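J.: Next up, input06.cif (mmCIF, C-alpha atoms and all ligand atoms).
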data_target
loop_
_atom_site.label_atom_id
_atom_site.label_comp_id
_atom_site.auth_asym_id
_atom_site.auth_seq_id
_atom_site.Cartn_x
_atom_site.Cartn_y
_atom_site.Cartn_z
CA MET A 713 0.00 0.00 0.00
CA ILE A 714 1.31 3.46 -0.87
CA LYS A 715 0.82 5.86 2.02
CA LYS A 716 0.56 9.63 2.04
CA ILE A 717 3.55 11.83 2.91
CA LYS A 718 4.16 12.62 6.59
CA GLY A 719 2.47 15.84 7.64
CA PHE A 720 -0.02 15.74 4.76
CA SER A 721 -3.64 14.75 5.33
CA ASP A 722 -6.69 13.50 3.49
CA ILE A 723 -9.85 15.40 4.39
CA PHE A 724 -13.06 13.40 4.15
CA PRO A 725 -16.65 14.05 5.24
CA PRO A 726 -17.76 15.00 7.83
CA GLU A 727 -14.50 16.97 8.45
CA ILE A 728 -14.65 18.56 5.00
CA TYR A 729 -17.95 20.25 5.90
CA LYS A 730 -16.10 22.38 8.43
CA TYR A 731 -13.80 23.59 5.66
CA LEU A 732 -16.77 24.27 3.40
CA GLN A 733 -18.46 26.23 6.18
CA MET A 734 -15.33 28.35 6.68
CA GLU A 735 -15.11 29.00 2.95
CA GLU A 736 -18.79 29.83 2.74
CA GLU A 737 -18.56 32.36 5.60
CA ALA A 738 -15.43 33.91 4.06
CA ARG A 739 -17.16 34.23 0.69
CA ARG A 740 -20.20 35.77 2.36
CA ILE A 741 -18.51 38.17 4.82
CA PHE A 742 -15.35 39.39 3.05
CA PRO A 743 -17.16 40.84 -0.01
CA LEU A 744 -19.26 42.93 2.41
CA TYR A 745 -15.98 44.69 3.16
CA GLY A 746 -15.04 44.98 -0.52
CA PHE A 747 -12.71 41.98 -0.76
CA GLN A 748 -12.65 39.96 -3.96
CA GLU A 749 -11.45 36.38 -4.33
CA ILE A 750 -8.30 35.55 -6.29
CA ARG A 751 -6.40 32.33 -7.09
CA LEU A 752 -2.65 32.31 -7.35
CA PRO A 753 0.05 29.72 -8.11
CA LEU A 754 1.11 27.27 -5.41
CA LEU A 755 4.64 27.37 -6.75
CA GLU A 756 6.77 30.51 -7.03
CA LYS A 757 10.41 31.37 -7.57
CA THR A 758 12.13 30.87 -4.21
CA GLU A 759 13.28 34.50 -4.10
CA VAL A 760 9.63 35.67 -3.87
CA PHE A 761 9.54 34.14 -0.38
CA ALA A 762 13.16 34.66 0.62
CA ARG A 763 12.97 38.39 -0.08
CA SER A 764 9.59 39.03 1.52
CA ILE A 765 9.42 36.67 4.49
CA GLY A 766 13.13 37.24 5.17
CA ASP A 767 16.29 35.20 4.65
CA GLU A 768 16.84 34.70 8.36
CA THR A 769 13.33 33.56 9.29
CA ASP A 770 12.66 29.94 10.27
CA ILE A 771 10.23 29.66 7.39
CA VAL A 772 12.87 30.48 4.78
CA GLN A 773 15.82 28.87 6.56
CA LYS A 774 14.26 25.54 7.46
CA GLU A 775 10.66 25.13 6.42
CA MET A 776 10.30 25.55 2.69
CA PHE A 777 9.74 22.76 0.19
CA THR A 778 12.35 23.97 -2.28
CA PHE A 779 13.63 22.20 -5.37
CA THR A 780 15.51 22.94 -8.54
CA ASP A 781 13.47 22.56 -11.73
CA ARG A 782 14.69 21.07 -15.01
CA LYS A 783 16.17 24.40 -16.04
CA GLY A 784 18.10 24.81 -12.80
CA ARG A 785 15.78 27.45 -11.27
CA SER A 786 15.06 27.34 -7.55
CA LEU A 787 11.31 27.03 -6.93
CA SER A 788 9.36 26.69 -3.68
CA LEU A 789 5.88 25.59 -2.71
CA ARG A 790 4.27 28.58 -1.04
CA PRO A 791 4.72 28.55 2.74
CA GLU A 792 2.22 31.43 3.00
CA ALA A 793 0.19 33.55 0.60
CA THR A 794 1.18 37.18 1.21
CA ALA A 795 4.45 37.09 -0.76
CA GLY A 796 2.70 35.62 -3.81
CA VAL A 797 -0.19 38.08 -3.58
CA VAL A 798 2.29 40.97 -3.49
CA ARG A 799 4.21 39.49 -6.44
CA ALA A 800 0.93 39.20 -8.39
CA TYR A 801 -0.20 42.70 -7.35
CA ILE A 802 3.00 44.17 -8.77
CA GLU A 803 3.23 41.95 -11.86
CA ASN A 804 -0.37 42.66 -12.88
CA ARG A 805 0.11 46.38 -12.18
CA ILE A 806 -3.08 46.42 -10.10
CA TYR A 807 -2.00 49.75 -8.58
CA THR A 808 -2.48 51.48 -11.96
CA ARG A 809 -6.16 50.49 -11.95
CA GLU A 810 -7.26 51.41 -8.46
CA LYS A 811 -6.13 53.21 -5.35
CA LEU A 812 -7.39 50.64 -2.86
CA SER A 813 -7.30 46.92 -3.67
CA LYS A 814 -8.76 44.21 -1.47
CA PHE A 815 -8.24 40.51 -2.14
CA PHE A 816 -8.75 37.20 -0.41
CA THR A 817 -7.56 33.76 -1.35
CA LEU A 818 -8.07 30.25 0.03
CA GLY A 819 -5.89 27.20 -0.34
CA PRO A 820 -3.03 24.96 0.71
CA MET A 821 0.32 26.17 2.06
CA PHE A 822 3.41 24.07 2.70
CA ARG A 823 5.89 24.25 5.57
CA TYR A 824 8.40 21.59 6.46
CA GLU A 825 7.74 21.69 10.21
CA ARG A 826 7.59 18.85 12.72
CA PRO A 827 4.01 17.58 12.46
CA GLN A 828 1.84 17.57 15.59
CA GLN A 829 -1.73 18.47 16.49
CA GLY A 830 -2.57 21.67 14.60
CA ARG A 831 0.71 21.64 12.69
CA GLN A 832 0.88 20.01 9.27
CA ARG A 833 3.31 20.21 6.40
CA GLN A 834 0.42 20.87 4.07
CA PHE A 835 -2.18 23.07 5.71
CA HIS A 836 -4.85 25.46 4.49
CA GLN A 837 -5.21 29.18 4.99
CA ILE A 838 -7.86 31.77 4.34
CA ASN A 839 -5.80 34.78 3.46
CA VAL A 840 -6.82 38.43 3.22
CA GLU A 841 -4.75 41.34 1.84
CA ALA A 842 -5.53 45.04 1.32
CA PHE A 843 -3.27 47.46 -0.58
CA GLY A 844 -3.22 51.22 -0.88
CA SER A 845 -4.14 52.71 2.49
CA THR A 846 -2.09 53.66 5.54
CA SER A 847 -5.22 54.53 7.52
CA PRO A 848 -5.58 53.00 10.99
CA TYR A 849 -9.29 52.81 10.16
CA LEU A 850 -8.36 50.04 7.72
CA ASP A 851 -6.34 48.23 10.42
CA ALA A 852 -9.36 48.30 12.73
CA GLU A 853 -11.79 47.36 9.96
CA ILE A 854 -9.75 44.32 8.95
CA ILE A 855 -9.48 43.11 12.53
CA CYS A 856 -13.25 43.62 12.95
CA MET A 857 -13.80 41.55 9.82
CA LEU A 858 -11.59 38.76 11.17
CA TRP A 859 -13.45 38.86 14.48
CA GLU A 860 -16.83 38.76 12.74
CA PHE A 861 -15.69 35.82 10.61
CA LEU A 862 -14.43 33.82 13.61
CA GLY A 863 -17.59 34.76 15.53
CA LYS A 864 -19.79 33.28 12.81
CA LEU A 865 -17.90 30.00 13.18
CA LYS A 866 -18.83 30.02 16.91
CA LEU A 867 -15.31 29.30 18.17
CA PRO A 868 -15.08 29.04 21.95
CA HIS A 869 -12.44 30.78 24.10
CA ILE A 870 -10.51 32.75 21.53
CA SER A 871 -8.53 35.90 22.27
CA LEU A 872 -7.02 38.64 20.16
CA GLU A 873 -3.50 39.86 20.90
CA ILE A 874 -2.15 42.98 19.30
CA ASN A 875 1.09 44.97 19.15
CA SER A 876 2.85 47.55 17.05
CA LEU A 877 6.19 46.68 15.49
CA GLY A 878 7.12 50.26 14.60
CA CYS A 879 8.35 51.45 11.23
CA GLU A 880 11.57 52.05 9.32
CA LYS A 881 12.03 55.26 11.30
CA CYS A 882 11.78 53.95 14.86
CA ARG A 883 12.84 50.33 14.51
CA PRO A 884 16.61 50.95 14.08
CA SER A 885 16.97 52.38 17.60
CA PHE A 886 15.15 49.33 18.99
CA ILE A 887 17.36 46.95 16.97
CA LYS A 888 20.39 48.73 18.39
CA ALA A 889 19.11 48.21 21.95
CA LEU A 890 18.20 44.59 21.21
CA LYS A 891 21.66 43.94 19.74
CA ARG A 892 23.21 45.37 22.88
CA PHE A 893 21.00 43.14 25.04
CA LEU A 894 21.76 40.01 23.00
CA GLY A 895 25.44 40.88 22.91
CA ASN A 896 25.55 40.75 26.71
CA ILE A 897 24.29 37.15 26.81
CA ASP A 898 27.00 34.52 27.15
CA LYS A 899 27.32 32.79 23.78
CA ASP A 900 27.10 29.31 25.35
CA GLU A 901 23.61 30.11 26.58
CA LEU A 902 22.19 30.84 23.14
CA CYS A 903 21.19 28.22 20.56
CA GLU A 904 23.13 28.10 17.30
CA ASP A 905 20.32 29.83 15.41
CA CYS A 906 20.11 32.70 17.87
CA LEU A 907 23.88 33.20 17.68
CA LYS A 908 23.45 33.81 13.96
CA ARG A 909 20.29 35.85 14.45
CA ARG A 910 21.91 38.24 16.88
CA GLU A 911 24.35 39.19 14.14
CA LYS A 912 22.09 39.13 11.11
CA ASN A 913 18.51 39.74 12.23
CA PRO A 914 18.18 40.21 16.01
CA LEU A 915 14.39 40.64 15.92
CA ARG A 916 14.06 37.02 14.80
CA ALA A 917 15.81 35.84 17.96
CA LEU A 918 12.69 36.92 19.84
CA ASP A 919 10.54 34.28 18.17
CA CYS A 920 13.01 31.45 18.71
CA LYS A 921 11.09 28.25 19.49
CA ARG A 922 13.62 27.04 22.12
CA GLU A 923 12.40 27.49 25.68
CA GLY A 924 15.94 28.15 26.95
CA CYS A 925 16.32 31.14 24.64
CA GLN A 926 12.82 32.41 25.43
CA ALA A 927 13.67 32.40 29.15
CA LEU A 928 16.71 34.58 28.45
CA TYR A 929 14.63 37.02 26.41
CA LEU A 930 12.11 37.75 29.17
CA GLN A 931 14.12 40.85 30.05
CA ALA A 932 14.73 41.89 26.41
CA PRO A 933 13.81 45.45 25.41
CA CYS A 934 10.32 45.88 23.94
CA LEU A 935 9.86 47.32 20.49
CA HIS A 936 6.71 48.89 21.78
CA ASP A 937 8.71 51.22 24.02
CA PHE A 938 10.63 52.59 21.01
CA LEU A 939 7.67 53.61 18.84
CA CYS A 940 7.87 57.00 17.09
CA GLU A 941 5.05 59.51 17.38
CA ASP A 942 3.49 58.44 14.08
CA CYS A 943 3.46 54.73 15.01
CA ARG A 944 2.21 55.46 18.49
CA SER A 945 -0.75 57.58 17.35
CA HIS A 946 -1.54 55.07 14.56
CA PHE A 947 -1.64 52.28 17.13
CA GLU A 948 -3.65 54.24 19.69
CA LEU A 949 -6.29 55.14 17.13
CA THR A 950 -6.46 51.50 15.96
CA LEU A 951 -7.03 50.32 19.54
CA SER A 952 -9.63 52.98 20.19
CA LEU A 953 -11.51 52.00 17.01
CA LEU A 954 -11.51 48.37 18.16
CA GLU A 955 -12.89 49.44 21.53
CA GLN A 956 -15.65 51.41 19.80
CA ARG A 957 -16.73 48.20 18.07
CA HIS A 958 -16.40 46.24 21.34
CA ILE A 959 -13.64 43.97 20.03
CA PRO A 960 -11.84 42.59 23.09
CA TYR A 961 -8.07 42.66 22.68
CA LYS A 962 -5.00 42.12 24.79
CA LEU A 963 -1.96 44.29 24.26
CA ASN A 964 1.01 41.91 23.92
CA LYS A 965 4.20 43.94 23.76
CA LYS A 966 6.20 40.76 23.08
CA LEU A 967 4.30 39.82 19.93
CA VAL A 968 6.82 39.95 17.06
CA ARG A 969 5.34 37.41 14.53
CA GLY A 970 7.61 35.07 12.56
CA LEU A 971 7.90 36.97 9.29
CA ASP A 972 10.13 39.95 8.51
CA TYR A 973 7.75 42.09 6.48
CA TYR A 974 5.61 43.48 9.29
CA GLN A 975 5.49 47.11 10.40
CA LYS A 976 3.17 48.90 12.78
CA THR A 977 0.00 46.95 13.69
CA THR A 978 0.44 43.18 14.14
CA PHE A 979 -2.02 40.75 15.70
CA GLU A 980 -2.76 37.12 16.41
CA VAL A 981 -5.87 35.24 17.46
CA LEU A 982 -5.18 32.47 19.95
CA SER A 983 -7.16 29.60 21.37
CA GLY A 984 -6.60 27.99 24.75
CA ASP A 985 -8.26 24.75 23.62
CA ILE A 986 -6.00 23.25 20.95
CA GLY A 987 -2.64 22.66 22.61
CA ALA A 988 0.75 24.16 21.82
CA GLN A 989 -0.10 25.34 18.31
CA SER A 990 -2.53 27.90 19.62
CA ALA A 991 -2.47 30.64 16.95
CA ILE A 992 -5.52 30.27 14.73
CA ALA A 993 -4.91 33.49 12.79
CA GLY A 994 -2.23 36.11 12.45
CA GLY A 995 -1.52 39.21 10.45
CA GLY A 996 -0.50 42.81 10.33
CA ARG A 997 0.65 45.75 8.28
CA TYR A 998 3.47 45.42 5.72
CA ASP A 999 3.89 48.94 4.37
CA GLY A 1000 7.36 48.40 2.86
CA LEU A 1001 6.80 45.04 1.17
CA VAL A 1002 5.44 46.09 -2.23
CA ARG A 1003 8.44 48.39 -2.67
CA LEU A 1004 10.84 45.71 -1.43
CA LEU A 1005 9.61 43.34 -4.15
CA GLY A 1006 10.15 45.97 -6.86
CA GLY A 1007 6.75 47.68 -6.91
CA PRO A 1008 5.72 51.23 -6.09
CA ASP A 1009 5.52 52.54 -2.54
CA VAL A 1010 2.09 51.07 -1.74
CA PRO A 1011 1.21 50.08 1.83
CA GLY A 1012 -0.47 46.79 2.70
CA ILE A 1013 -2.17 44.96 5.53
CA GLY A 1014 -3.70 41.50 5.91
CA PHE A 1015 -4.10 38.32 7.86
CA ALA A 1016 -4.34 34.57 7.43
CA CYS A 1017 -6.45 32.04 9.31
CA GLY A 1018 -5.25 28.46 9.72
CA MET A 1019 -8.14 26.24 8.65
CA GLU A 1020 -6.86 23.04 10.33
CA ARG A 1021 -6.58 24.79 13.68
CA ILE A 1022 -9.99 26.43 13.33
CA SER A 1023 -11.52 23.08 12.40
CA LEU A 1024 -10.24 21.65 15.71
CA LEU A 1025 -12.42 24.23 17.46
CA MET A 1026 -15.55 23.88 15.35
CA GLU A 1027 -18.45 21.70 16.37
CA ASP A 1028 -18.95 18.52 14.39
CA PRO A 1029 -21.11 19.42 11.41
CA SER A 1030 -24.51 17.77 11.17
CA PRO A 1031 -24.51 15.16 8.40
CA SER A 1032 -26.46 15.90 5.24
CA PRO A 1033 -27.23 12.55 3.62
CA PRO A 1034 -29.20 12.31 0.37
CA LEU A 1035 -32.88 12.93 1.10
CA CYS A 1036 -34.22 10.04 -0.99
CA TYR A 1037 -33.02 6.50 -1.40
CA LEU A 1038 -34.37 4.57 -4.41
CA ALA A 1039 -35.05 0.91 -3.79
CA PRO A 1040 -35.63 -1.30 -6.84
CA LEU A 1041 -36.97 -4.70 -5.83
CA GLU A 1042 -36.91 -6.07 -9.40
CA GLU A 1043 -34.37 -6.12 -12.20
CA LYS A 1044 -36.85 -4.34 -14.47
CA GLY A 1045 -37.13 -1.49 -11.96
CA LEU A 1046 -33.54 -0.39 -12.59
CA GLU A 1047 -34.34 1.74 -15.62
CA ALA A 1048 -37.15 3.55 -13.81
CA THR A 1049 -34.80 4.10 -10.87
CA TYR A 1050 -32.24 5.68 -13.19
CA HIS A 1051 -34.83 8.09 -14.67
CA ILE A 1052 -36.51 8.99 -11.38
CA LEU A 1053 -33.14 9.89 -9.88
CA SER A 1054 -32.50 12.25 -12.76
CA LEU A 1055 -35.96 13.78 -12.42
CA LEU A 1056 -35.55 14.38 -8.66
CA ARG A 1057 -32.08 15.88 -9.09
CA GLY A 1058 -33.57 18.19 -11.71
CA ARG A 1059 -35.89 19.42 -8.96
CA GLY A 1060 -32.94 19.98 -6.63
CA ILE A 1061 -33.71 16.94 -4.46
CA SER A 1062 -30.67 14.91 -3.39
CA CYS A 1063 -31.08 11.18 -3.99
CA ILE A 1064 -29.12 8.00 -4.58
CA SER A 1065 -29.45 4.36 -5.47
CA THR A 1066 -26.93 1.55 -5.28
CA TYR A 1067 -28.58 0.05 -8.41
CA GLU A 1068 -28.81 -3.24 -6.60
CA VAL A 1069 -31.90 -5.41 -6.64
CA LYS A 1070 -32.57 -6.64 -3.12
CA SER A 1071 -35.33 -7.26 -0.61
CA ILE A 1072 -37.25 -4.36 0.89
CA LYS A 1073 -35.74 -5.22 4.28
CA ALA A 1074 -32.19 -5.00 2.94
CA HIS A 1075 -32.97 -1.69 1.21
CA LEU A 1076 -34.49 -0.20 4.36
CA ARG A 1077 -31.42 -1.21 6.33
CA ALA A 1078 -29.16 0.45 3.75
CA ALA A 1079 -31.27 3.64 3.66
CA ASN A 1080 -31.21 3.82 7.44
CA LYS A 1081 -27.45 3.46 7.50
CA ILE A 1082 -27.03 6.26 4.96
CA GLY A 1083 -29.53 8.41 6.87
CA SER A 1084 -31.94 9.15 4.01
CA ARG A 1085 -35.37 10.22 5.14
CA TYR A 1086 -37.40 8.81 2.23
CA VAL A 1087 -37.21 5.37 0.61
CA LEU A 1088 -38.79 5.23 -2.85
CA ILE A 1089 -39.80 1.64 -3.49
CA LEU A 1090 -40.18 0.15 -6.96
CA GLY A 1091 -41.59 -3.37 -6.55
CA GLU A 1092 -43.39 -5.64 -8.96
CA GLU A 1093 -46.81 -4.18 -8.20
CA GLU A 1094 -45.61 -0.58 -8.48
CA LEU A 1095 -44.01 -1.27 -11.86
CA ARG A 1096 -47.10 -3.03 -13.17
CA GLU A 1097 -49.40 -0.18 -12.14
CA ASN A 1098 -46.96 2.64 -12.94
CA LYS A 1099 -46.80 3.68 -9.31
CA ILE A 1100 -44.20 4.25 -6.66
CA THR A 1101 -44.28 3.72 -2.90
CA ILE A 1102 -42.76 6.44 -0.76
CA ARG A 1103 -41.82 5.53 2.80
CA ASP A 1104 -41.07 8.39 5.17
CA LEU A 1105 -38.65 6.91 7.72
CA THR A 1106 -38.96 9.89 10.05
CA LEU A 1107 -42.76 9.74 10.36
CA SER A 1108 -42.93 5.95 9.80
CA ARG A 1109 -45.57 6.47 7.13
CA GLN A 1110 -45.90 5.30 3.58
CA ASP A 1111 -47.98 6.21 0.55
CA THR A 1112 -48.27 4.74 -2.91
CA ILE A 1113 -48.68 7.40 -5.60
CA ALA A 1114 -48.93 7.48 -9.39
CA MET A 1115 -45.44 7.67 -10.93
CA ARG A 1116 -46.35 10.91 -12.74
CA ASP A 1117 -47.08 12.58 -9.39
CA ILE A 1118 -43.42 12.29 -8.43
CA HIS A 1119 -43.08 15.65 -10.23
CA ILE A 1120 -45.15 17.37 -7.57
CA THR A 1121 -44.53 15.23 -4.51
CA GLU A 1122 -43.16 17.18 -1.61
CA PHE A 1123 -40.05 15.90 0.17
CA LYS A 1124 -39.28 17.67 3.43
CA GLU A 1125 -35.72 17.87 4.80
P1 LIG B 1201 1.37 32.96 9.94
O1 LIG B 1201 1.20 33.43 11.33
O2 LIG B 1201 2.67 32.36 9.56
O3 LIG B 1201 1.06 34.21 9.03
O4 LIG B 1201 0.23 31.91 9.59
C1 LIG B 1201 -1.13 32.22 9.76
C2 LIG B 1201 -1.85 31.04 10.38
O5 LIG B 1201 -1.65 29.86 9.59
C3 LIG B 1201 -1.35 30.65 11.77
O6 LIG B 1201 -1.92 31.46 12.76
C4 LIG B 1201 -1.84 29.21 11.86
O7 LIG B 1201 -3.19 29.17 12.25
C5 LIG B 1201 -1.73 28.72 10.43
N1 LIG B 1201 -0.51 27.89 10.28
C6 LIG B 1201 0.75 28.30 10.09
N2 LIG B 1201 1.58 27.25 9.98
C7 LIG B 1201 0.83 26.14 10.09
C8 LIG B 1201 1.09 24.72 10.05
N3 LIG B 1201 2.31 24.24 9.82
N4 LIG B 1201 0.06 23.88 10.21
C9 LIG B 1201 -1.20 24.34 10.40
N5 LIG B 1201 -1.51 25.65 10.44
C10 LIG B 1201 -0.52 26.54 10.28
C11 LIG B 1201 1.09 34.19 7.68
O8 LIG B 1201 1.13 33.18 7.01
C12 LIG B 1201 0.95 35.55 7.06
N6 LIG B 1201 1.08 35.43 5.60
C13 LIG B 1201 -0.37 36.19 7.43
C14 LIG B 1201 -0.58 37.53 6.80
C15 LIG B 1201 -1.36 37.82 5.74
N7 LIG B 1201 -0.02 38.65 7.19
C16 LIG B 1201 -0.39 39.64 6.40
N8 LIG B 1201 -1.20 39.11 5.49
#
So that I can check it, write out the structure of this file as structure tokens.
Ligand code: HAM
T.:
Amino acid sequence: MIKKIKGFSDIFPPEIYKYLQMEEEARRIFPLYGFQEIRLPLLEKTEVFARSIGDETDIVQKEMFTFTDRKGRSLSLRPEATAGVVRAYIENRIYTREKLSKFFTLGPMFRYERPQQGRQRQFHQINVEAFGSTSPYLDAEIICMLWEFLGKLKLPHISLEINSLGCEKCRPSFIKALKRFLGNIDKDELCEDCLKRREKNPLRALDCKREGCQALYLQAPCLHDFLCEDCRSHFELTLSLLEQRHIPYKLNKKLVRGLDYYQKTTFEVLSGDIGAQSAIAGGGRYDGLVRLLGGPDVPGIGFACGMERISLLMEDPSPSPPLCYLAPLEEKGLEATYHILSLLRGRGISCISTYEVKSIKAHLRAANKIGSRYVLILGEEELRENKITIRDLTLSRQDTIAMRDIHITEFKE
């Protein structure tokens, strides 16, 4: 038997219905805020990710599925969607068409992480990106939209954490202070990665996954304390707008996120109910990213929800079996079965048949197992008289009607 790759999963019913519900809510709610759906490639040139997410991040250093194609180019399966959306935004010159662009996209992402509950190597995200506005009103609006979306999925015990990561103006003085702090730590106490990070990208040390390093960083300087006036007022207005819409948030001055492109507002939604991998969504502003990837100076902000983690929190969906089960008791009833199924489906009624001739008892057992409410019986007598017997398993009632009346027969869910 050939088995699937480690960290990849098959999603069957009833689990898949949770994914469909998430997608349905996204497609209903996001357009209310002006977001339009897009589909982008799963595979990009590796530099799209290396340049945007950052060379020194865990994602780029250790977690990408990267390979060389037949022409010797380095390609990677997307570990997240933002970099590709920005690439596509620039390449399609969307900024020449409109001042404000709002997109969302759904689909699989790939990260070579150690699989555990809520952490897969192929996972799915619902991803939202908005380009063209630096307004804190947009920050607040996007967070409200995320909160509304998660609210519709009725997720228990979730909390929103928020921070500001400053901008190109104020971050350098923080990095200087952080470098000084990291420089004072004995090099034997730091992991190999953090030793490199303190030289190349000190901010990334702060999201090191090793507990030993995290313990050392408890006293590290906070970016939040270095914010410039512009970043501070942007953040304060964002928080006040969230309060006005009664969105509960927790200020987390240590929140740095794992990707390099963030500036100013950053946020995560966490759950206490799904173990160590507790972030169900994360996002923030990335005002310098479009320029960094060769586009004009257009600001951006967005978030992504992890569908696997959200599905762990969703209630089991109620099953929706086919409403009618067709039960031919005779070989010559098969053709009628085939046509009646088509007729019912034409009326929008879900129905199935196994196209097996068996006893009424065996059919009823099968229909019960599937969960269909109605069993449509085609026995010898029915076929002779051009009739059909309809048994309602919920009300334990049955009626025999003329075959032609099947057009108008009511079937209740
Ligand atoms: P992220 O925080 O790396 O952000 O991922 C967003 C969400 O994807 C996480 O909160 C988590 O729920 C889910 N996730 C990440 N890795 C895994 C995994 N290995 N298995 C299962 N779920 C996972 C981003 O990806 C940014 N691009 C978000 C963004 C959009 N920022 C601005 N725009």
J.: Smallest atom-to-atom distance to ligand LIG 1201 (chain B): which of A:Arg790, A:Lys730, A:His1051, A:Arg997, using only C-alpha atoms and all ligand atoms?
T.: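 Selected residue with least distance to ligand LIG 1201 (chain B): A:Arg997.
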J.: Would you pick out the contacts of stretch 914-924 of chain A at 12 Å or less, using all atoms listed in the file, so that residues sharing its chain but fewer than 5 positions from it are not included, and give the list as number ranges by chain?
T.: A: 765-771, 773, 825, 877, 883-884, 886-895, 900-909, 929-935, 965-974, 988-989
J.: Can you work out the spacing between atom CA of A:Phe724 and atom CA of A:Glu1020 in Å, to one decimal?
T.: 13.0 Å
J.: All residues within 8 Å of ligand LIG 1201 (chain B) are required, counting all atoms listed in the file; please report them as an NGL selection string.
T.: :A and (791-795 or 822-825 or 827 or 830-837 or 839-841 or 969-971 or 974 or 980-982 or 989-998 or 1013-1022)
J.: Excluding A:Glu727 and residues on its chain fewer than 3 positions from it, collect all residues at most 10 Å away from it, counting all atoms listed in the file, and give them as a PDB file with C-alpha atoms, keeping the file's coordinate frame.
T.:
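The file below, part_34.pdb, is the result:
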ATOM      1  CA  ASP A 722      -6.690  13.500   3.490  1.00  0.00           C
ATOM      2  CA  ILE A 723      -9.850  15.400   4.390  1.00  0.00           C
ATOM      3  CA  PHE A 724     -13.060  13.400   4.150  1.00  0.00           C
ATOM      4  CA  LYS A 730     -16.100  22.380   8.430  1.00  0.00           C
ATOM      5  CA  TYR A 731     -13.800  23.590   5.660  1.00  0.00           C
ATOM      6  CA  LEU A 732     -16.770  24.270   3.400  1.00  0.00           C
ATOM      7  CA  GLU A1020      -6.860  23.040  10.330  1.00  0.00           C
ATOM      8  CA  SER A1023     -11.520  23.080  12.400  1.00  0.00           C
ATOM      9  CA  LEU A1024     -10.240  21.650  15.710  1.00  0.00           C
ATOM     10  CA  MET A1026     -15.550  23.880  15.350  1.00  0.00           C
ATOM     11  CA  ASP A1028     -18.950  18.520  14.390  1.00  0.00           C
ATOM     12  CA  PRO A1029     -21.110  19.420  11.410  1.00  0.00           C
TER      13      PRO A1029
END
J.: Restricting the calculation to only C-alpha atoms: of A:Ile1113, A:Val1087, A:Leu862, A:Ala1039, which residue gets closest to A:Thr1066?
T.: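 So, comparing all the options, the nearest one is A:Ala1039.
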J.: Find the distance between atom CA of A:Ile728 and atom CA of A:Gly819 and write it in Å to one decimal.
T.: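 Interatomic distance, atom CA of A:Ile728 to atom CA of A:Gly819: 13.4 Å.
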J.: Smallest atom-to-atom distance to A:Gln829: which of A:Ser721, A:Gly1012, A:His946, A:Glu1092, using only C-alpha atoms?
T.: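 Of all the options, A:Ser721 lies closest to A:Gln829.
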J.: Quick one, how far is atom CA of A:Leu755 from atom CA of A:Leu787?
T.: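 For atom CA of A:Leu755 relative to atom CA of A:Leu787, the distance reads 6.7 Å.
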J.: Counting only C-alpha atoms, figure out which residue out of A:Ile714, A:Met821, A:Leu858, A:Leu1056 gets nearest to A:Ser871.
T.: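 Among the listed residues, the smallest separation from A:Ser871 belongs to A:Leu858.
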J.: For A:His936, which of A:Arg751, A:Lys962, A:Lys976, A:Arg1077 is the closest residue, counting only C-alpha atoms?
T.: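 Once distances to A:His936 are computed over only C-alpha atoms, the minimum belongs to A:Lys976.
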J.: Determine, counting all atoms listed in the file, which protein, DNA and RNA residues have an atom within 10 Å of an atom of A:Ile959; residues of the same chain fewer than 2 positions away are not included. Present the result as a ChimeraX atom specification.
T.: /A:852,855-856,859-860,871-872,951-957,961
J.: Can you tell me, as a tab-separated table (two decimals) with C-alpha atoms, keeping the file's coordinate frame, what residues are no more than 10 Å from A:His1075 when counting only C-alpha atoms, ignoring any on the same chain fewer than 5 positions away?
T.:
chain	number	residue	atom	x	y	z
A	1037	TYR	CA	-33.02	6.50	-1.40
A	1038	LEU	CA	-34.37	4.57	-4.41
A	1039	ALA	CA	-35.05	0.91	-3.79
A	1040	PRO	CA	-35.63	-1.30	-6.84
A	1041	LEU	CA	-36.97	-4.70	-5.83
A	1065	SER	CA	-29.45	4.36	-5.47
A	1066	THR	CA	-26.93	1.55	-5.28
A	1068	GLU	CA	-28.81	-3.24	-6.60
A	1069	VAL	CA	-31.90	-5.41	-6.64
A	1070	LYS	CA	-32.57	-6.64	-3.12
A	1080	ASN	CA	-31.21	3.82	7.44
A	1081	LYS	CA	-27.45	3.46	7.50
A	1087	VAL	CA	-37.21	5.37	0.61
A	1088	LEU	CA	-38.79	5.23	-2.85
A	1089	ILE	CA	-39.80	1.64	-3.49
J.: Which one is closest to A:Ala738: A:Gly863, A:Pro1033, A:Gly719, A:Pro1008? Count all atoms listed in the file.
T.: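 Among the listed residues, the smallest separation from A:Ala738 belongs to A:Gly863.
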